[in-house]
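Source file input_30.pdb; content: PDB, N, CA and C atoms.
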ATOM      1  N   MET A1250      -1.766 -10.282  12.348  1.00  0.00           N
ATOM      2  CA  MET A1250      -0.844  -9.414  11.643  1.00  0.00           C
ATOM      3  C   MET A1250       0.574  -9.833  12.008  1.00  0.00           C
ATOM      4  N   LEU A1251       1.283 -10.336  11.031  1.00  0.00           N
ATOM      5  CA  LEU A1251       2.618 -10.876  11.265  1.00  0.00           C
ATOM      6  C   LEU A1251       3.734  -9.883  10.971  1.00  0.00           C
ATOM      7  N   GLY A1252       3.416  -8.765  10.343  1.00  0.00           N
ATOM      8  CA  GLY A1252       4.431  -7.776  10.036  1.00  0.00           C
ATOM      9  C   GLY A1252       5.290  -8.117   8.840  1.00  0.00           C
ATOM     10  N   GLN A1253       4.802  -8.978   7.965  1.00  0.00           N
ATOM     11  CA  GLN A1253       5.567  -9.354   6.778  1.00  0.00           C
ATOM     12  C   GLN A1253       5.187  -8.475   5.597  1.00  0.00           C
ATOM     13  N   LYS A1254       6.188  -8.117   4.781  1.00  0.00           N
ATOM     14  CA  LYS A1254       5.914  -7.336   3.574  1.00  0.00           C
ATOM     15  C   LYS A1254       5.310  -8.268   2.533  1.00  0.00           C
ATOM     16  N   VAL A1255       4.165  -7.887   1.955  1.00  0.00           N
ATOM     17  CA  VAL A1255       3.516  -8.723   0.944  1.00  0.00           C
ATOM     18  C   VAL A1255       3.776  -8.216  -0.469  1.00  0.00           C
ATOM     19  N   THR A1256       3.976  -6.925  -0.637  1.00  0.00           N
ATOM     20  CA  THR A1256       4.281  -6.378  -1.964  1.00  0.00           C
ATOM     21  C   THR A1256       4.752  -4.942  -1.828  1.00  0.00           C
ATOM     22  N   ARG A1257       5.342  -4.450  -2.904  1.00  0.00           N
ATOM     23  CA  ARG A1257       5.760  -3.052  -2.964  1.00  0.00           C
ATOM     24  C   ARG A1257       5.179  -2.469  -4.248  1.00  0.00           C
ATOM     25  N   LEU A1258       4.460  -1.364  -4.131  1.00  0.00           N
ATOM     26  CA  LEU A1258       3.787  -0.750  -5.281  1.00  0.00           C
ATOM     27  C   LEU A1258       4.325   0.652  -5.532  1.00  0.00           C
ATOM     28  N   GLY A1259       4.300   1.061  -6.775  1.00  0.00           N
ATOM     29  CA  GLY A1259       4.646   2.444  -7.117  1.00  0.00           C
ATOM     30  C   GLY A1259       6.028   2.831  -6.637  1.00  0.00           C
ATOM     31  N   ASN A1260       7.005   1.972  -6.849  1.00  0.00           N
ATOM     32  CA  ASN A1260       8.349   2.211  -6.355  1.00  0.00           C
ATOM     33  C   ASN A1260       9.158   3.040  -7.357  1.00  0.00           C
ATOM     34  N   GLU A1261       8.595   4.167  -7.765  1.00  0.00           N
ATOM     35  CA  GLU A1261       9.300   5.080  -8.658  1.00  0.00           C
ATOM     36  C   GLU A1261       8.900   6.507  -8.310  1.00  0.00           C
ATOM     37  N   ARG A1262       9.584   7.446  -8.876  1.00  0.00           N
ATOM     38  CA  ARG A1262       9.256   8.857  -8.622  1.00  0.00           C
ATOM     39  C   ARG A1262       8.074   9.268  -9.497  1.00  0.00           C
ATOM     40  N   PHE A1263       7.162  10.031  -8.915  1.00  0.00           N
ATOM     41  CA  PHE A1263       6.005  10.555  -9.633  1.00  0.00           C
ATOM     42  C   PHE A1263       6.099  12.069  -9.679  1.00  0.00           C
ATOM     43  N   ASN A1264       5.587  12.653 -10.742  1.00  0.00           N
ATOM     44  CA  ASN A1264       5.458  14.107 -10.801  1.00  0.00           C
ATOM     45  C   ASN A1264       4.374  14.549  -9.841  1.00  0.00           C
ATOM     46  N   ALA A1265       4.352  15.832  -9.523  1.00  0.00           N
ATOM     47  CA  ALA A1265       3.327  16.376  -8.639  1.00  0.00           C
ATOM     48  C   ALA A1265       1.942  16.127  -9.228  1.00  0.00           C
ATOM     49  N   GLY A1266       0.960  15.867  -8.366  1.00  0.00           N
ATOM     50  CA  GLY A1266      -0.407  15.642  -8.810  1.00  0.00           C
ATOM     51  C   GLY A1266      -0.973  14.357  -8.249  1.00  0.00           C
ATOM     52  N   SER A1267      -2.131  13.981  -8.721  1.00  0.00           N
ATOM     53  CA  SER A1267      -2.808  12.762  -8.265  1.00  0.00           C
ATOM     54  C   SER A1267      -2.364  11.570  -9.098  1.00  0.00           C
ATOM     55  N   HIS A1268      -2.254  10.420  -8.446  1.00  0.00           N
ATOM     56  CA  HIS A1268      -1.829   9.192  -9.121  1.00  0.00           C
ATOM     57  C   HIS A1268      -2.620   8.017  -8.565  1.00  0.00           C
ATOM     58  N   THR A1269      -2.768   6.981  -9.366  1.00  0.00           N
ATOM     59  CA  THR A1269      -3.461   5.762  -8.959  1.00  0.00           C
ATOM     60  C   THR A1269      -2.533   4.580  -9.175  1.00  0.00           C
ATOM     61  N   VAL A1270      -2.476   3.708  -8.177  1.00  0.00           N
ATOM     62  CA  VAL A1270      -1.701   2.481  -8.279  1.00  0.00           C
ATOM     63  C   VAL A1270      -2.647   1.329  -7.977  1.00  0.00           C
ATOM     64  N   ASN A1271      -2.736   0.358  -8.885  1.00  0.00           N
ATOM     65  CA  ASN A1271      -3.616  -0.789  -8.671  1.00  0.00           C
ATOM     66  C   ASN A1271      -2.889  -1.870  -7.892  1.00  0.00           C
ATOM     67  N   TRP A1272      -3.618  -2.502  -6.983  1.00  0.00           N
ATOM     68  CA  TRP A1272      -3.066  -3.551  -6.145  1.00  0.00           C
ATOM     69  C   TRP A1272      -3.852  -4.826  -6.411  1.00  0.00           C
ATOM     70  N   ASP A1273      -3.208  -5.838  -6.980  1.00  0.00           N
ATOM     71  CA  ASP A1273      -3.849  -7.124  -7.230  1.00  0.00           C
ATOM     72  C   ASP A1273      -3.702  -7.972  -5.968  1.00  0.00           C
ATOM     73  N   ALA A1274      -4.741  -8.024  -5.174  1.00  0.00           N
ATOM     74  CA  ALA A1274      -4.716  -8.764  -3.911  1.00  0.00           C
ATOM     75  C   ALA A1274      -5.411 -10.113  -4.034  1.00  0.00           C
ATOM     76  N   SER A1275      -5.574 -10.603  -5.256  1.00  0.00           N
ATOM     77  CA  SER A1275      -6.313 -11.849  -5.464  1.00  0.00           C
ATOM     78  C   SER A1275      -5.638 -13.056  -4.811  1.00  0.00           C
ATOM     79  N   ALA A1276      -4.329 -13.015  -4.613  1.00  0.00           N
ATOM     80  CA  ALA A1276      -3.620 -14.151  -4.009  1.00  0.00           C
ATOM     81  C   ALA A1276      -3.491 -14.021  -2.494  1.00  0.00           C
ATOM     82  N   LEU A1277      -4.038 -12.944  -1.926  1.00  0.00           N
ATOM     83  CA  LEU A1277      -3.924 -12.711  -0.486  1.00  0.00           C
ATOM     84  C   LEU A1277      -5.208 -13.068   0.240  1.00  0.00           C
ATOM     85  N   ALA A1278      -5.079 -13.375   1.496  1.00  0.00           N
ATOM     86  CA  ALA A1278      -6.235 -13.713   2.326  1.00  0.00           C
ATOM     87  C   ALA A1278      -6.934 -12.437   2.802  1.00  0.00           C
ATOM     88  N   SER A1279      -8.205 -12.566   3.127  1.00  0.00           N
ATOM     89  CA  SER A1279      -8.924 -11.459   3.751  1.00  0.00           C
ATOM     90  C   SER A1279      -8.270 -11.144   5.083  1.00  0.00           C
ATOM     91  N   GLY A1280      -8.297  -9.884   5.459  1.00  0.00           N
ATOM     92  CA  GLY A1280      -7.726  -9.506   6.742  1.00  0.00           C
ATOM     93  C   GLY A1280      -7.274  -8.064   6.761  1.00  0.00           C
ATOM     94  N   MET A1281      -6.577  -7.706   7.831  1.00  0.00           N
ATOM     95  CA  MET A1281      -6.085  -6.347   8.028  1.00  0.00           C
ATOM     96  C   MET A1281      -4.690  -6.225   7.414  1.00  0.00           C
ATOM     97  N   TYR A1282      -4.495  -5.167   6.632  1.00  0.00           N
ATOM     98  CA  TYR A1282      -3.200  -4.884   6.017  1.00  0.00           C
ATOM     99  C   TYR A1282      -2.818  -3.453   6.365  1.00  0.00           C
ATOM    100  N   ILE A1283      -1.548  -3.206   6.440  1.00  0.00           N
ATOM    101  CA  ILE A1283      -1.039  -1.873   6.732  1.00  0.00           C
ATOM    102  C   ILE A1283      -0.293  -1.383   5.499  1.00  0.00           C
ATOM    103  N   TYR A1284      -0.549  -0.144   5.111  1.00  0.00           N
ATOM    104  CA  TYR A1284       0.173   0.428   3.977  1.00  0.00           C
ATOM    105  C   TYR A1284       0.840   1.727   4.395  1.00  0.00           C
ATOM    106  N   ARG A1285       1.908   2.069   3.685  1.00  0.00           N
ATOM    107  CA  ARG A1285       2.665   3.274   3.997  1.00  0.00           C
ATOM    108  C   ARG A1285       2.847   4.093   2.731  1.00  0.00           C
ATOM    109  N   LEU A1286       2.563   5.378   2.821  1.00  0.00           N
ATOM    110  CA  LEU A1286       2.746   6.310   1.704  1.00  0.00           C
ATOM    111  C   LEU A1286       3.842   7.295   2.079  1.00  0.00           C
ATOM    112  N   LYS A1287       4.782   7.506   1.165  1.00  0.00           N
ATOM    113  CA  LYS A1287       5.858   8.465   1.389  1.00  0.00           C
ATOM    114  C   LYS A1287       5.801   9.533   0.316  1.00  0.00           C
ATOM    115  N   ALA A1288       5.909  10.786   0.714  1.00  0.00           N
ATOM    116  CA  ALA A1288       5.983  11.914  -0.215  1.00  0.00           C
ATOM    117  C   ALA A1288       6.990  12.901   0.363  1.00  0.00           C
ATOM    118  N   GLY A1289       8.189  12.878  -0.168  1.00  0.00           N
ATOM    119  CA  GLY A1289       9.249  13.725   0.392  1.00  0.00           C
ATOM    120  C   GLY A1289       9.572  13.281   1.803  1.00  0.00           C
ATOM    121  N   SER A1290       9.475  14.195   2.749  1.00  0.00           N
ATOM    122  CA  SER A1290       9.762  13.863   4.143  1.00  0.00           C
ATOM    123  C   SER A1290       8.518  13.414   4.902  1.00  0.00           C
ATOM    124  N   VAL A1291       7.370  13.393   4.240  1.00  0.00           N
ATOM    125  CA  VAL A1291       6.107  13.006   4.890  1.00  0.00           C
ATOM    126  C   VAL A1291       5.869  11.511   4.684  1.00  0.00           C
ATOM    127  N   ILE A1292       5.600  10.802   5.774  1.00  0.00           N
ATOM    128  CA  ILE A1292       5.290   9.374   5.715  1.00  0.00           C
ATOM    129  C   ILE A1292       3.967   9.150   6.435  1.00  0.00           C
ATOM    130  N   LYS A1293       3.013   8.543   5.757  1.00  0.00           N
ATOM    131  CA  LYS A1293       1.706   8.222   6.344  1.00  0.00           C
ATOM    132  C   LYS A1293       1.540   6.712   6.367  1.00  0.00           C
ATOM    133  N   THR A1294       1.155   6.168   7.500  1.00  0.00           N
ATOM    134  CA  THR A1294       0.906   4.740   7.648  1.00  0.00           C
ATOM    135  C   THR A1294      -0.552   4.564   8.045  1.00  0.00           C
ATOM    136  N   LYS A1295      -1.272   3.722   7.313  1.00  0.00           N
ATOM    137  CA  LYS A1295      -2.702   3.507   7.552  1.00  0.00           C
ATOM    138  C   LYS A1295      -3.013   2.020   7.493  1.00  0.00           C
ATOM    139  N   LYS A1296      -4.185   1.662   7.981  1.00  0.00           N
ATOM    140  CA  LYS A1296      -4.669   0.274   7.921  1.00  0.00           C
ATOM    141  C   LYS A1296      -5.734   0.177   6.845  1.00  0.00           C
ATOM    142  N   LEU A1297      -5.838  -1.005   6.270  1.00  0.00           N
ATOM    143  CA  LEU A1297      -6.952  -1.256   5.366  1.00  0.00           C
ATOM    144  C   LEU A1297      -7.451  -2.673   5.580  1.00  0.00           C
ATOM    145  N   MET A1298      -8.751  -2.868   5.445  1.00  0.00           N
ATOM    146  CA  MET A1298      -9.363  -4.176   5.623  1.00  0.00           C
ATOM    147  C   MET A1298      -9.669  -4.740   4.256  1.00  0.00           C
ATOM    148  N   LEU A1299      -9.090  -5.900   3.944  1.00  0.00           N
ATOM    149  CA  LEU A1299      -9.359  -6.598   2.685  1.00  0.00           C
ATOM    150  C   LEU A1299     -10.412  -7.655   2.965  1.00  0.00           C
ATOM    151  N   ILE A1300     -11.546  -7.521   2.300  1.00  0.00           N
ATOM    152  CA  ILE A1300     -12.659  -8.463   2.474  1.00  0.00           C
ATOM    153  C   ILE A1300     -12.977  -9.069   1.126  1.00  0.00           C
ATOM    154  N   LYS A1301     -12.933 -10.386   1.067  1.00  0.00           N
ATOM    155  CA  LYS A1301     -13.227 -11.076  -0.202  1.00  0.00           C
ATOM    156  C   LYS A1301     -14.576 -11.742  -0.118  1.00  0.00           C
TER     157      LYS A1301
END
Spit out the file's structure as structure tokens when you get a sec.
Amino acid sequence: MLGQKVTRLGNERFNAGSHTVNWDASALASGMYIYRLKAGSVIKTKKLMLIK
């Protein structure tokens, strides 16, 4: 994990409710990635494993 930003998704304001953002990871290698979700003052950071 090098700490480099690979992409930015959903960089706009959404109305309240559930939303889906697709991530095309076809050009990325398998491995551990970290993602961050922001909603107002709440920020959640999680890990995800990409396996091809």
What's around stretch 1279-1282 of chain A at 9 Å? Count only C-alpha atoms, leave out sequence neighbours fewer than 4 positions away in its own chain, and write the answer as a CSV table (one decimal) with N, CA and C atoms, in the frame of the given file.
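Generated output (out09.csv):
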chain,number,residue,atom,x,y,z
A,1250,MET,N,-1.8,-10.3,12.3
A,1250,MET,CA,-0.8,-9.4,11.6
A,1250,MET,C,0.6,-9.8,12.0
A,1295,LYS,N,-1.3,3.7,7.3
A,1295,LYS,CA,-2.7,3.5,7.6
A,1295,LYS,C,-3.0,2.0,7.5
A,1296,LYS,N,-4.2,1.7,8.0
A,1296,LYS,CA,-4.7,0.3,7.9
A,1296,LYS,C,-5.7,0.2,6.8
A,1297,LEU,N,-5.8,-1.0,6.3
A,1297,LEU,CA,-7.0,-1.3,5.4
A,1297,LEU,C,-7.5,-2.7,5.6
A,1298,MET,N,-8.8,-2.9,5.4
A,1298,MET,CA,-9.4,-4.2,5.6
A,1298,MET,C,-9.7,-4.7,4.3
A,1299,LEU,N,-9.1,-5.9,3.9
A,1299,LEU,CA,-9.4,-6.6,2.7
A,1299,LEU,C,-10.4,-7.7,3.0
A,1300,ILE,N,-11.5,-7.5,2.3
A,1300,ILE,CA,-12.7,-8.5,2.5
A,1300,ILE,C,-13.0,-9.1,1.1
A,1301,LYS,N,-12.9,-10.4,1.1
A,1301,LYS,CA,-13.2,-11.1,-0.2
A,1301,LYS,C,-14.6,-11.7,-0.1
Give me, as a list in words, all polymer residues having an atom no more than 8 Å from A:Arg1285, counting only C-alpha atoms and skipping those fewer than 3 positions away in the same chain.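 Final neighbour list, sorted by chain and number: Ile1292, Lys1293, Thr1294 and Lys1295 of chain A.
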Atom-to-atom span, atom N of A:Ser1267 and atom C of A:Tyr1284, Å: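 Straight-line distance from atom N of A:Ser1267 to atom C of A:Tyr1284 works out to 18.2 Å.
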Name every residue that the PyMOL selection byres (((chain A and resi 1255-1260 and name CA) around 8) and name CA) selects in this structure, writing the answer as a ChimeraX atom specification with chains first and numbers rising. /A:1253-1254,1261-1262,1270,1272
Neighbours of A:Asn1264 within 12 Å (only C-alpha atoms; same-chain residues fewer than 4 positions away dropped), as a PDB file with N, CA and C atoms, keeping the file's coordinate frame?
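And here is the file that came out, out-v4.pdb:
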ATOM      1  N   HIS A1268      -2.254  10.420  -8.446  1.00  0.00           N
ATOM      2  CA  HIS A1268      -1.829   9.192  -9.121  1.00  0.00           C
ATOM      3  C   HIS A1268      -2.620   8.017  -8.565  1.00  0.00           C
ATOM      4  N   ALA A1288       5.909  10.786   0.714  1.00  0.00           N
ATOM      5  CA  ALA A1288       5.983  11.914  -0.215  1.00  0.00           C
ATOM      6  C   ALA A1288       6.990  12.901   0.363  1.00  0.00           C
ATOM      7  N   GLY A1289       8.189  12.878  -0.168  1.00  0.00           N
ATOM      8  CA  GLY A1289       9.249  13.725   0.392  1.00  0.00           C
ATOM      9  C   GLY A1289       9.572  13.281   1.803  1.00  0.00           C
TER      10      GLY A1289
END
Apply DSSP to the backbone of this structure and, from chain A, keep only the residues in strand (DSSP E); write these as a PDB file with N, CA and C atoms, in the frame of the given file.
ATOM      1  N   GLY A1280      -8.297  -9.884   5.459  1.00  0.00           N
ATOM      2  CA  GLY A1280      -7.726  -9.506   6.742  1.00  0.00           C
ATOM      3  C   GLY A1280      -7.274  -8.064   6.761  1.00  0.00           C
ATOM      4  N   MET A1281      -6.577  -7.706   7.831  1.00  0.00           N
ATOM      5  CA  MET A1281      -6.085  -6.347   8.028  1.00  0.00           C
ATOM      6  C   MET A1281      -4.690  -6.225   7.414  1.00  0.00           C
ATOM      7  N   TYR A1282      -4.495  -5.167   6.632  1.00  0.00           N
ATOM      8  CA  TYR A1282      -3.200  -4.884   6.017  1.00  0.00           C
ATOM      9  C   TYR A1282      -2.818  -3.453   6.365  1.00  0.00           C
ATOM     10  N   ILE A1283      -1.548  -3.206   6.440  1.00  0.00           N
ATOM     11  CA  ILE A1283      -1.039  -1.873   6.732  1.00  0.00           C
ATOM     12  C   ILE A1283      -0.293  -1.383   5.499  1.00  0.00           C
ATOM     13  N   TYR A1284      -0.549  -0.144   5.111  1.00  0.00           N
ATOM     14  CA  TYR A1284       0.173   0.428   3.977  1.00  0.00           C
ATOM     15  C   TYR A1284       0.840   1.727   4.395  1.00  0.00           C
ATOM     16  N   ARG A1285       1.908   2.069   3.685  1.00  0.00           N
ATOM     17  CA  ARG A1285       2.665   3.274   3.997  1.00  0.00           C
ATOM     18  C   ARG A1285       2.847   4.093   2.731  1.00  0.00           C
ATOM     19  N   LEU A1286       2.563   5.378   2.821  1.00  0.00           N
ATOM     20  CA  LEU A1286       2.746   6.310   1.704  1.00  0.00           C
ATOM     21  C   LEU A1286       3.842   7.295   2.079  1.00  0.00           C
ATOM     22  N   LYS A1287       4.782   7.506   1.165  1.00  0.00           N
ATOM     23  CA  LYS A1287       5.858   8.465   1.389  1.00  0.00           C
ATOM     24  C   LYS A1287       5.801   9.533   0.316  1.00  0.00           C
ATOM     25  N   ALA A1288       5.909  10.786   0.714  1.00  0.00           N
ATOM     26  CA  ALA A1288       5.983  11.914  -0.215  1.00  0.00           C
ATOM     27  C   ALA A1288       6.990  12.901   0.363  1.00  0.00           C
ATOM     28  N   VAL A1291       7.370  13.393   4.240  1.00  0.00           N
ATOM     29  CA  VAL A1291       6.107  13.006   4.890  1.00  0.00           C
ATOM     30  C   VAL A1291       5.869  11.511   4.684  1.00  0.00           C
ATOM     31  N   ILE A1292       5.600  10.802   5.774  1.00  0.00           N
ATOM     32  CA  ILE A1292       5.290   9.374   5.715  1.00  0.00           C
ATOM     33  C   ILE A1292       3.967   9.150   6.435  1.00  0.00           C
ATOM     34  N   LYS A1293       3.013   8.543   5.757  1.00  0.00           N
ATOM     35  CA  LYS A1293       1.706   8.222   6.344  1.00  0.00           C
ATOM     36  C   LYS A1293       1.540   6.712   6.367  1.00  0.00           C
ATOM     37  N   THR A1294       1.155   6.168   7.500  1.00  0.00           N
ATOM     38  CA  THR A1294       0.906   4.740   7.648  1.00  0.00           C
ATOM     39  C   THR A1294      -0.552   4.564   8.045  1.00  0.00           C
ATOM     40  N   LYS A1295      -1.272   3.722   7.313  1.00  0.00           N
ATOM     41  CA  LYS A1295      -2.702   3.507   7.552  1.00  0.00           C
ATOM     42  C   LYS A1295      -3.013   2.020   7.493  1.00  0.00           C
ATOM     43  N   LYS A1296      -4.185   1.662   7.981  1.00  0.00           N
ATOM     44  CA  LYS A1296      -4.669   0.274   7.921  1.00  0.00           C
ATOM     45  C   LYS A1296      -5.734   0.177   6.845  1.00  0.00           C
ATOM     46  N   LEU A1297      -5.838  -1.005   6.270  1.00  0.00           N
ATOM     47  CA  LEU A1297      -6.952  -1.256   5.366  1.00  0.00           C
ATOM     48  C   LEU A1297      -7.451  -2.673   5.580  1.00  0.00           C
ATOM     49  N   MET A1298      -8.751  -2.868   5.445  1.00  0.00           N
ATOM     50  CA  MET A1298      -9.363  -4.176   5.623  1.00  0.00           C
ATOM     51  C   MET A1298      -9.669  -4.740   4.256  1.00  0.00           C
ATOM     52  N   LEU A1299      -9.090  -5.900   3.944  1.00  0.00           N
ATOM     53  CA  LEU A1299      -9.359  -6.598   2.685  1.00  0.00           C
ATOM     54  C   LEU A1299     -10.412  -7.655   2.965  1.00  0.00           C
TER      55      LEU A1299
END
Please measure the separation of atom CA of A:Gly1252 and atom C of A:Leu1286, giving the value in Å to one decimal.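 Separation between atom CA of A:Gly1252 and atom C of A:Leu1286: 17.1 Å.
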